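Enquirer: Please see the structure below; I have some questions.
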Amino acid sequence: TALLGAETRLRASASQAVARLSNDAQQHLPDLVYEAIVIQLSDPFVAVHQAALHAVDEMNFPEIYTAQITTAVENLILAYSQGREGDAF
């Protein structure tokens with residue numbers, strides 16, 4: 001749905017909205033929401049992977065996603081370290 005939709009701004013906004021949920025509400029999210037945000041960490045559009053990274057930073061993800069998140073963040077660091085001048089996070 002919105003987290004994995006075709007429109008870039010919608011995907012980024014969806015991650016931001018989920019991250020703003022209360023801790024109690026986040027505890028009741030289905031696993032598919034967490035999985036979608038993890039997938040967004042590898043999105044080629046800057047707005048989407050940045051929003052996903054901020055969501056990961058603000059949310060309490062279940063421990064089962066730690067390895068996937070770590071790998072995706074390492075890939076982002078590598079990509080930004082080799083990026084063009086002016087690329088910033």
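Order determines the names: the first chain of the structure tokens is A, the second B, and so forth; residues in each chain are numbered 1 upward, and ligands are numbered 1 upward as they are shown.
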Wanna dump the stretch 59-80 of chain A-stretch 18-26 of chain A contacts at 10 Å for me, each residue with its shortest atom pair and the distance in Å to one decimal, counting only C-alpha atoms, ordered by chain and number, as a Markdown table?
Expert:
```
| residue | atom | partner | partner_atom | distance |
| --- | --- | --- | --- | --- |
| A:Met59 | CA | A:Ala19 | CA | 5.9 |
| A:Asn60 | CA | A:Asn23 | CA | 7.8 |
| A:Phe61 | CA | A:Gln26 | CA | 8.8 |
```
Enquirer: Rounded to one decimal in Å, what is the spacing between atom CA of A:Ala6 and atom CA of A:Ile64?
Expert: 27.0 Å
Enquirer: Can you list every residue in stretch 14-83 of chain A that DSSP puts in alpha helix (DSSP H), as a ChimeraX atom specification?
Expert: /A:14-19,23-27,31-40,46-58,66-81
Enquirer: Taking 4 positions as the minimum chain separation for residues in the same chain, which residues sit within 9 Å of stretch 38-53 of chain A when counting only C-alpha atoms? Answer as a VMD selection string.
Expert: chain A and resid 3 to 4 8 to 16 19 33 to 34 57 to 58 65 68 to 69 72 to 73 75 to 76 89
Enquirer: Could you state the separation of atom CA of A:Glu35 and atom CA of A:Pro62 in Å, given to one decimal place?
Expert: 10.3 Å
Enquirer: Restricting the calculation to only C-alpha atoms: of A:Ala2, A:Ala17, A:Ala67, A:Ala79, which residue gets closest to A:Ala36?
Expert: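 Ranked by minimum distance to A:Ala36, first place goes to A:Ala2.
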